[in-house]
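Novice: I am attaching a structure below and will ask some questions about it afterwards.
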Amino acid sequence: MTSGPHSSGPQPSWRKPAGMFLILLLITLWAVIIGSLSPWIGQLHALLQAVIYIIAGIVWILPLKPLLSWMETGRWRP
């Protein structure tokens with residue numbers, strides 16, 4: 001049996017490109033939000049700035065688990 005462009009194997013889901021677009025949109029929006037807060041964050045003590053940016057760098061990952069689950073299964077919960 002050959003696999004080629006005319007094989008009857010699994011077809012790619014539209015959820016994967018849509019999910020990748022949503023991930024890029026999420027990253028962009030999060031960067032804009034945090035970047036717009038930088039004038040106020042920049043007035044804080046350097047250690048507090050570091051804590052805020054570390055937390056901000058981790059928080060954007062939280063919505064990825066349900067989004068990745070949706071991309072794979074079509075459901076928001078695993």
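Labels for the structure tokens follow display order: chains A, B, ..., residues from 1 in each chain, ligands from 1.
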Quick one: residues within 12 Å of Gly19 (chain A), only C-alpha atoms counted, chain neighbours fewer than 2 positions away excluded, as a list in words?

Specialist: Ser13, Trp14, Arg15, Lys16, Pro17, Phe21, Leu22, Ile23, Leu24, Leu25, Leu26, Pro63, Leu64, Lys65, Pro66, Leu67, Leu68, Ser69, Trp70, Met71, Glu72, Thr73, Gly74 and Trp76 of chain A

Novice: May I have the residues within 10 Å of Gly57 (chain A) as number ranges by chain, using only C-alpha atoms and disregarding those fewer than 4 positions away in the same chain?

Specialist: A: 30-31, 34, 51-53, 61

Novice: As an exercise, work out the distance from CA of Leu29 (chain A) to CA of Gly42 (chain A) in Å and give it to one decimal place.

Specialist: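 So the answer is 19.7 Å.
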
Novice: As a PyMOL selection string, which residues of chain A does DSSP assign to alpha helix (DSSP H)?

Specialist: chain A and resi 15-41+46-59+64-73

Novice: I need the residues from that last selection saved to file as a PDB file, in the first residue's frame (with C-alpha atoms), if you can.

Specialist:
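Done, and the output landed in result_17.pdb:
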```
ATOM      1  CA  ARG A  15      -8.362  22.978  14.614  1.00  0.00           C
ATOM      2  CA  LYS A  16      -4.560  22.745  14.436  1.00  0.00           C
ATOM      3  CA  PRO A  17      -3.955  25.797  12.211  1.00  0.00           C
ATOM      4  CA  ALA A  18      -6.717  27.677  14.063  1.00  0.00           C
ATOM      5  CA  GLY A  19      -5.113  26.741  17.390  1.00  0.00           C
ATOM      6  CA  MET A  20      -1.672  27.844  16.214  1.00  0.00           C
ATOM      7  CA  PHE A  21      -3.175  31.165  15.156  1.00  0.00           C
ATOM      8  CA  LEU A  22      -4.845  31.524  18.567  1.00  0.00           C
ATOM      9  CA  ILE A  23      -1.553  30.752  20.336  1.00  0.00           C
ATOM     10  CA  LEU A  24       0.235  33.444  18.320  1.00  0.00           C
ATOM     11  CA  LEU A  25      -2.623  35.859  19.021  1.00  0.00           C
ATOM     12  CA  LEU A  26      -2.442  35.057  22.748  1.00  0.00           C
ATOM     13  CA  ILE A  27       1.315  35.667  22.838  1.00  0.00           C
ATOM     14  CA  THR A  28       0.965  38.930  20.910  1.00  0.00           C
ATOM     15  CA  LEU A  29      -1.858  40.259  23.090  1.00  0.00           C
ATOM     16  CA  TRP A  30      -0.045  39.271  26.286  1.00  0.00           C
ATOM     17  CA  ALA A  31       3.163  40.989  25.100  1.00  0.00           C
ATOM     18  CA  VAL A  32       1.220  44.166  24.247  1.00  0.00           C
ATOM     19  CA  ILE A  33      -0.517  44.163  27.641  1.00  0.00           C
ATOM     20  CA  ILE A  34       2.708  43.638  29.600  1.00  0.00           C
ATOM     21  CA  GLY A  35       4.585  46.092  27.376  1.00  0.00           C
ATOM     22  CA  SER A  36       1.935  48.750  27.972  1.00  0.00           C
ATOM     23  CA  LEU A  37       2.378  48.270  31.726  1.00  0.00           C
ATOM     24  CA  SER A  38       6.163  48.669  31.534  1.00  0.00           C
ATOM     25  CA  PRO A  39       6.203  52.424  32.359  1.00  0.00           C
ATOM     26  CA  TRP A  40       4.563  51.654  35.722  1.00  0.00           C
ATOM     27  CA  ILE A  41       6.480  48.451  36.324  1.00  0.00           C
ATOM     28  CA  ALA A  46      14.375  46.030  40.382  1.00  0.00           C
ATOM     29  CA  LEU A  47      13.662  42.856  42.374  1.00  0.00           C
ATOM     30  CA  LEU A  48       9.918  43.513  42.264  1.00  0.00           C
ATOM     31  CA  GLN A  49      10.185  44.126  38.518  1.00  0.00           C
ATOM     32  CA  ALA A  50      11.938  40.793  38.111  1.00  0.00           C
ATOM     33  CA  VAL A  51       9.200  38.991  40.071  1.00  0.00           C
ATOM     34  CA  ILE A  52       6.457  40.656  38.010  1.00  0.00           C
ATOM     35  CA  TYR A  53       8.120  39.812  34.696  1.00  0.00           C
ATOM     36  CA  ILE A  54       8.830  36.224  35.772  1.00  0.00           C
ATOM     37  CA  ILE A  55       5.179  35.765  36.764  1.00  0.00           C
ATOM     38  CA  ALA A  56       4.010  37.435  33.543  1.00  0.00           C
ATOM     39  CA  GLY A  57       6.311  35.135  31.601  1.00  0.00           C
ATOM     40  CA  ILE A  58       4.655  32.074  33.148  1.00  0.00           C
ATOM     41  CA  VAL A  59       0.996  33.160  33.341  1.00  0.00           C
ATOM     42  CA  LEU A  64      -2.376  26.691  26.534  1.00  0.00           C
ATOM     43  CA  LYS A  65      -3.330  23.342  28.120  1.00  0.00           C
ATOM     44  CA  PRO A  66      -7.047  23.579  27.271  1.00  0.00           C
ATOM     45  CA  LEU A  67      -6.233  25.110  23.882  1.00  0.00           C
ATOM     46  CA  LEU A  68      -3.826  22.283  23.013  1.00  0.00           C
ATOM     47  CA  SER A  69      -6.386  19.757  24.232  1.00  0.00           C
ATOM     48  CA  TRP A  70      -9.004  21.332  21.961  1.00  0.00           C
ATOM     49  CA  MET A  71      -6.597  21.256  19.027  1.00  0.00           C
ATOM     50  CA  GLU A  72      -6.061  17.498  19.494  1.00  0.00           C
ATOM     51  CA  THR A  73      -9.475  16.256  20.555  1.00  0.00           C
TER      52      THR A  73
END
```
